[in-house]
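This report concerns only the one structure given below.
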Amino acid sequence: MNQQVNSRGRIEVSLVAIASLAHDAVLRSYGVVGTVEKSLATGIANVFSRESRRGVVVRLRNGAIVIDLYVIVEYGTRIASVARSAMNIVKYTVEKSIGVPVAEVNVHVEEIRVSSQD
């Protein structure tokens with residue numbers, strides 16, 4: 001959990017709350033059409049853990065926030081541009097919302113999806 005302490009008390013933001021912010025932000029990113037839940041340890045699908053939301057894993061490393069995104073990208077988009085955009089929007093959204101710097105946002109492109117032409 002991330003904590004801020006002042007003279008009136010403390011504010012705690014759970015890793016789940018940070019993951020929810022990141023998930024909403026990444027789905028608004030250009031070229032991202034979805035997320036895939038992945039386990040960092042095994043690379044296979046897993047149930048929700050305390051620090052993740054579907055396709056987003058948030059960890060604290062040496063007091064710094066590290067976010068891993070497992071995304072599905074739209075076919076025909078530039079993958080590097082989509083990944084950079086996702087990194088930027090997630091970092092900006094989380095930092096603006098909780099007022100704490102994000103050390104890393106790592107984007108893992110898991111699938112490429114072709115949208116239907118209908």
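Please note that chains go A, B, ... in the order of the structure tokens, that every chain numbers its residues from 1, and that ligands are numbered from 1 in the order shown.
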From chain A, collect each residue whose DSSP state is strand (DSSP E) and return the set as JSON, numbers by chain. {"A": [2, 3, 4, 5, 6, 9, 10, 11, 12, 13, 32, 33, 34, 35, 52, 53, 56, 57, 58, 59, 60, 61, 64, 65, 66, 67, 68, 69, 70, 71, 72, 73, 74, 102, 103, 104, 105, 106, 107, 108, 109, 110, 111, 112, 113]}
Residues near segment 98-104 of chain A, anyone? I mean within 9 Å using only C-alpha atoms, not counting same-chain ones fewer than 3 positions away, as a VMD selection string. chain A and resid 2 13 18 61 64 to 68 87 91 to 95
Segment 17-117 of chain A: which residues are alpha helix (DSSP H) by DSSP, as number ranges by chain? A: 17-27, 79-98
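Candidate residues A:Ile112, A:Val57, A:Ile11, A:Val82 were compared for distance to Leu27 of chain A, and the nearest is A:Val82, using only C-alpha atoms.
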Show which residues sit within 8 Å of segment 22-25 of chain A, as a PyMOL selection string. Count only C-alpha atoms, and ignore same-chain residues fewer than 6 positions away. chain A and resi 53-56+86+89-91+93-94
Please dump the current selection as a JSON list (two decimals), in the first residue's frame; keep N, CA and C atoms.
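Written file, again-v4.json:
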```
[["chain", "number", "residue", "atom", "x", "y", "z"],
["A", 53, "ARG", "N", -5.48, -6.31, -11.38],
["A", 53, "ARG", "CA", -6.76, -6.29, -12.07],
["A", 53, "ARG", "C", -6.48, -6.91, -13.42],
["A", 54, "ARG", "N", -7.49, -7.36, -14.08],
["A", 54, "ARG", "CA", -7.31, -8.05, -15.35],
["A", 54, "ARG", "C", -6.31, -7.32, -16.24],
["A", 55, "GLY", "N", -5.16, -7.95, -16.46],
["A", 55, "GLY", "CA", -4.16, -7.39, -17.35],
["A", 55, "GLY", "C", -3.26, -6.34, -16.75],
["A", 56, "VAL", "N", -3.40, -6.06, -15.46],
["A", 56, "VAL", "CA", -2.56, -5.05, -14.81],
["A", 56, "VAL", "C", -2.04, -5.62, -13.50],
["A", 86, "ALA", "N", 0.44, 3.94, -24.18],
["A", 86, "ALA", "CA", -0.10, 3.28, -22.99],
["A", 86, "ALA", "C", 0.75, 3.60, -21.77],
["A", 89, "ILE", "N", 0.04, 7.39, -20.77],
["A", 89, "ILE", "CA", -1.28, 7.68, -20.20],
["A", 89, "ILE", "C", -1.45, 7.02, -18.83],
["A", 90, "VAL", "N", -0.92, 5.82, -18.66],
["A", 90, "VAL", "CA", -1.03, 5.14, -17.36],
["A", 90, "VAL", "C", -0.20, 5.87, -16.32],
["A", 91, "LYS", "N", 1.03, 6.20, -16.66],
["A", 91, "LYS", "CA", 1.91, 6.92, -15.73],
["A", 91, "LYS", "C", 1.27, 8.25, -15.33],
["A", 93, "THR", "N", -1.93, 9.25, -15.49],
["A", 93, "THR", "CA", -3.19, 9.06, -14.76],
["A", 93, "THR", "C", -2.94, 8.67, -13.31],
["A", 94, "VAL", "N", -2.05, 7.71, -13.09],
["A", 94, "VAL", "CA", -1.78, 7.25, -11.72],
["A", 94, "VAL", "C", -1.11, 8.36, -10.91]]
```
Counting only C-alpha atoms, the residue among A:Val58, A:Leu21, A:Val16, A:Ile72 that lies closest to Val105 of chain A is A:Val58
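Distances here use only C-alpha atoms; by that measure, the residue among A:Ser97, A:Asn62, A:Thr77, A:Asn88 closest to Arg113 of chain A is A:Thr77.
Going from atom CA of Asn106 of chain A to atom CA of Ala80 of chain A covers 12.2 Å.
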